Amino acid sequence: MSSWWKKIWEDEFTKTDFVKEYEDKFRSKTNPDTPLDQLTFCILDTETTGLNVNKDYILSFGALKVKKYHIHLSDLLEIYVKAPLVKSEALSVHEIVQKNDAEELSSFAQHSLQYIGNSIVVGHHVGFDIQMLQKTYRPFGLKKLLNKTIDTFELAVRLEKGYHFNPELIRNEEYSLDALCKRYKIPLHDRHTASGDAMLTAILFMKLLKSAENKSITKLSHL
Amino acid sequence: MANVIINRVREFLQSYPPFSFLDEAALEAVATAVEIRFFAPQEYLFEQGEPAQDCFFVLKEGEIHLTQSIDGRQEIYEKCDEGDVFGVMALMGKRPYRLNAQAAENSLVYAIPVQTFESILKENNRVALYFAAGFASGQVVVRNDLSKSQQARSILGSPTKDIGLLLFTGQSDVRIKHEVLTCQIGESCHAAALKMAERDVGSIIIVDNEKLPLGIITDKDLRNRLVAKKLPFETPVERIMSSPLTTMKPNANFPDLYLTMVRQKLHHLIFTEDGTASSKVVGIISDHDILLAQGNSPAVLIHGLQNTSEVKEMAKIRNRAERLLKYYLENEVSMDFVANIISEINDLIIQRAIEISKRNLEKKYPEEVRKIKFCFISLGSEGREEQLLRTDLDNAIVYEDLDPEADLAARPFLAELAQSVIDILLACGFHPCPALMMANNPKWCQPLDQWKKYFSEWISNPTEESLMHSAIFFDFRPIYGQKKLSEAMAKHIYKEIEGKSVFLNFLAKNANMNPAPLGFFRNFVVEKSGEHRDKFDIKMRAMMPLTDIARLLVLSHKMVDINNTFKRFEKLAEVEPQNKEIYLEAAKAYEILMRIRAIEGLKSESSGRYIEPNKLGKLQRQLLKNAFYPIDELQALLRVRFQLDYFKG
């Protein structure tokens, strides 16, 4: 009886080495007084078969890192994931055709998790990407991503409307990635590819972060 | 498939020099190594005196100002816009930065690691030349750079290899026949013809006992001078040979030897060991060889002009010359050569126009009127042999001084002749002078005595109008008729200036009226924001100052017979060795300006005078900008030499 109960509280899956390695990176906490330009941000975007976290799955993943307002192009990650089946609607939006060099799910999980590490995860409506990723990592023994996250959607709203503005009053389309790029004069390229969207989000993020600094948001704890 | 981000960077870089010179693999390597950096307004990328970083920069978006700290103030040295390459000190032996780089707007910058680029710099000559020639922003243009930037342009500008281009670039491409058929003086024409038949060639060189070249016999000579004249086959060769020969050194550059052939209307050019007829023959080249290689050659056009009396045909040939010009410009043929060829064609059209007009008037006027001596002179740009495009006609007629009665009789003839010539020239596509400075204007069709009065008046009374007239009339060049008349005019001018040196001060003042457009590119970035999208007047702002300065200095040195602005500067460099560098720079600058204007004119089917800077390619813009520097220096020189600061006119 007791062992059955124990099973409930245990991970359904055993932790793989790369998950343990990932979790180890969070042993020491980042000092909340770390200035923003000392932090490593991982800007990511996923393309999925749909918007239902339970039913849909990741087709491709694009990520890059920003530190000190620099992006190293030698340190990018772009992975196409081998899909069990291909749903036609997502294809028509993202025009993703199954790539020859698509990776197996396990390989994707390992590479993406190693890449993300303990950086601060940034994305536009990043909550959705996090949920999709967590779903993907679950079979490998990771329940929850431990990273701090920044949603560029929320950051933009906070900077433009103030901290205490009721998010429910925001018209979402005014803060879509397209609308924000237009407002912040970022030319749109390669929309609807994971890497392309990650790049746009990264430039948007750098611009937002700079204006955050001008509003005395200068430390990790301020974010 | 490569990452879309890297693809995007690669595509961006590919459209800007020096990255446009990289092959796929190198470009991919560079794009992958790029670091994208973001800078907010006022932030510094680097500061003057700081050690060079391990990368140089390309501006992706935004605006970066390169500034110089002088006495605690910051002066803007240059504004970089999209695609500009800067901060290249890192590549140049890692010296400290000479300028500050500061973001003026939110800017995205691509940082290219030196490590990645160094091997490219070593292997790719075009990239190396790009940097050596100072094309990157903020590289201080030092004097000797213009020649390099010109050289660089010719290499960077035309990536496509063209057989026509090869013809002009190096000696090795000219096919000189080294096996030259010869026979000695004293041999019979029959023996010579036998040798020619055996070798199946159309010409034979006649040499003396020491094998030195004396003359040439061609198929045509055998026909015209032997058979047609019923001379015996035993006639010695020297009796029918063409002599003397025009000889050159075998390493003479192609434009030179080609021009010699075109000018002297030679069919054969002989190469000897030392270039003179007193050394051994080492090669021969015929006009036929060149025609075969060239297709639409100037020689063909000139031949066509010489053999037609049809105005329509002349117009057609002038159109073809325009295509030839376009080809020359695109292939970076030297401006000296291009200007020479086009002037030769223009001159020939004028000469033909006069000949045709004279013939048409033959029956209308008595012989004593038709026989009066006159000289048709070209003025302005055609006078300077710089009229590449068919822009405004500026010309005049000077005729001998006659007694009043004869003068009265001559005037209607000359007036009608001039009108007919101008009509033909207009039919050939030239444009009339809006100020009517043309031979058909009675004011500019005058006897020598009147011309002398004109010049004396302009020189002794330098009003605004006379200065304007000097700018056009002092660059005259005889095209047809009695050269002595134009020489007498030149002599008179120098005699007049001798006594009235203050005239030169006026000319100097006039030449300094238009300051060098150095600020132009600084405004350029501002213009982008949309207040003014003004075009740039290359003639008025850049070329005229140089033309005016060259004319003035040549007058002050009493030089004659050099009309071309860049040749004037070259000559000045000889006479004033202490200013050699700046004069040579000016000469090159002028060539560059002529080229850019002609290219623009052909492109927009206009005079090319007004240029839209933002439609120029990056290299062109940089080249144009470098060409402005000598203007500024020369104007400073004039200020001192002609004491302009004390001379209030």
# chains A, B, ... in the order shown; residues from 1 in each chain; ligands from 1

$ interface_residues --of "chain A" --to "chain B" --cutoff "10 Å" --atoms "only C-alpha atoms" --output "ChimeraX atom specification"
/A:62,64,66-79,99-101,184-187,189-190,193-200,203,206-207,210-211

$ residues_around --residues "stretch 135-147 of chain A" --least-positions-apart "2" --cutoff "6 Å" --atoms "only C-alpha atoms" --output "PyMOL selection string"
chain A and resi 13-16+118+120+132-133

$ write_last_selection --atoms "C-alpha atoms" --output "PDB file, in the first residue's frame"
ATOM      1  CA  PHE A  13       9.763   8.583 -15.143  1.00  0.00           C
ATOM      2  CA  THR A  14      13.250   8.182 -13.885  1.00  0.00           C
ATOM      3  CA  LYS A  15      15.539  11.145 -14.201  1.00  0.00           C
ATOM      4  CA  THR A  16      17.944  10.937 -17.097  1.00  0.00           C
ATOM      5  CA  ASN A 118      20.250  28.174 -15.942  1.00  0.00           C
ATOM      6  CA  ILE A 120      16.803  33.465 -17.896  1.00  0.00           C
ATOM      7  CA  MET A 132       5.136  22.771 -24.385  1.00  0.00           C
ATOM      8  CA  LEU A 133       8.756  22.247 -23.369  1.00  0.00           C
TER       9      LEU A 133
END

$ select_by_dssp --residues "chain A" --states "strand (DSSP E or B)" --output "count of residues only"
41

$ residues_around --residues "B:Pro412" --least-positions-apart "5" --cutoff "12 Å" --atoms "only C-alpha atoms" --output "PyMOL selection string"
chain B and resi 361+364-366+369-370+406-407+417-419+440+442+445-446

$ residues_around --residues "B:Ile285" --least-positions-apart "5" --cutoff "7 Å" --atoms "only C-alpha atoms" --output "MDAnalysis selection string"
chainID B and resid 176:177 268:270

$ residues_around --residues "stretch 152-160 of chain A" --least-positions-apart "5" --cutoff "7 Å" --atoms "only C-alpha atoms" --output "list in words"
Val122, Gly123, His124, His125, Tyr175, Phe205, Leu208 and Ala212 of chain A

$ decode --residues "stretch 136-149 of chain A" --atoms "N, CA and C atoms" --output "short mmCIF file (atom, residue, chain, number, x, y, z; two decimals), in the first residue's frame"
data_model
loop_
_atom_site.label_atom_id
_atom_site.label_comp_id
_atom_site.auth_asym_id
_atom_site.auth_seq_id
_atom_site.Cartn_x
_atom_site.Cartn_y
_atom_site.Cartn_z
N THR A 136 7.38 18.13 -23.08
CA THR A 136 8.36 17.35 -23.81
C THR A 136 9.41 16.72 -22.89
N TYR A 137 9.77 17.50 -21.84
CA TYR A 137 10.84 17.02 -20.95
C TYR A 137 10.35 15.98 -19.95
N ARG A 138 9.04 15.92 -19.74
CA ARG A 138 8.47 15.08 -18.70
C ARG A 138 8.91 13.62 -18.81
N PRO A 139 8.84 13.02 -19.98
CA PRO A 139 9.24 11.61 -20.07
C PRO A 139 10.69 11.38 -19.67
N PHE A 140 11.49 12.45 -19.61
CA PHE A 140 12.90 12.29 -19.26
C PHE A 140 13.16 12.62 -17.80
N GLY A 141 12.10 12.86 -17.08
CA GLY A 141 12.23 12.99 -15.65
C GLY A 141 12.22 14.41 -15.13
N LEU A 142 11.91 15.40 -16.00
CA LEU A 142 11.86 16.79 -15.51
C LEU A 142 10.41 17.23 -15.42
N LYS A 143 10.00 17.61 -14.20
CA LYS A 143 8.62 18.03 -14.01
C LYS A 143 8.41 19.47 -14.40
N LYS A 144 9.40 20.26 -14.04
CA LYS A 144 9.18 21.69 -14.15
C LYS A 144 10.50 22.37 -14.53
N LEU A 145 10.40 23.33 -15.42
CA LEU A 145 11.60 24.12 -15.73
C LEU A 145 11.89 25.05 -14.55
N LEU A 146 13.14 25.15 -14.16
CA LEU A 146 13.50 25.89 -12.95
C LEU A 146 13.92 27.33 -13.25
N ASN A 147 13.98 27.68 -14.56
CA ASN A 147 14.51 29.00 -14.94
C ASN A 147 13.56 30.13 -14.57
N LYS A 148 14.18 31.26 -14.31
CA LYS A 148 13.39 32.49 -14.27
C LYS A 148 12.96 32.78 -15.70
N THR A 149 11.78 33.36 -15.85
CA THR A 149 11.32 33.65 -17.20
C THR A 149 10.90 35.11 -17.34
#
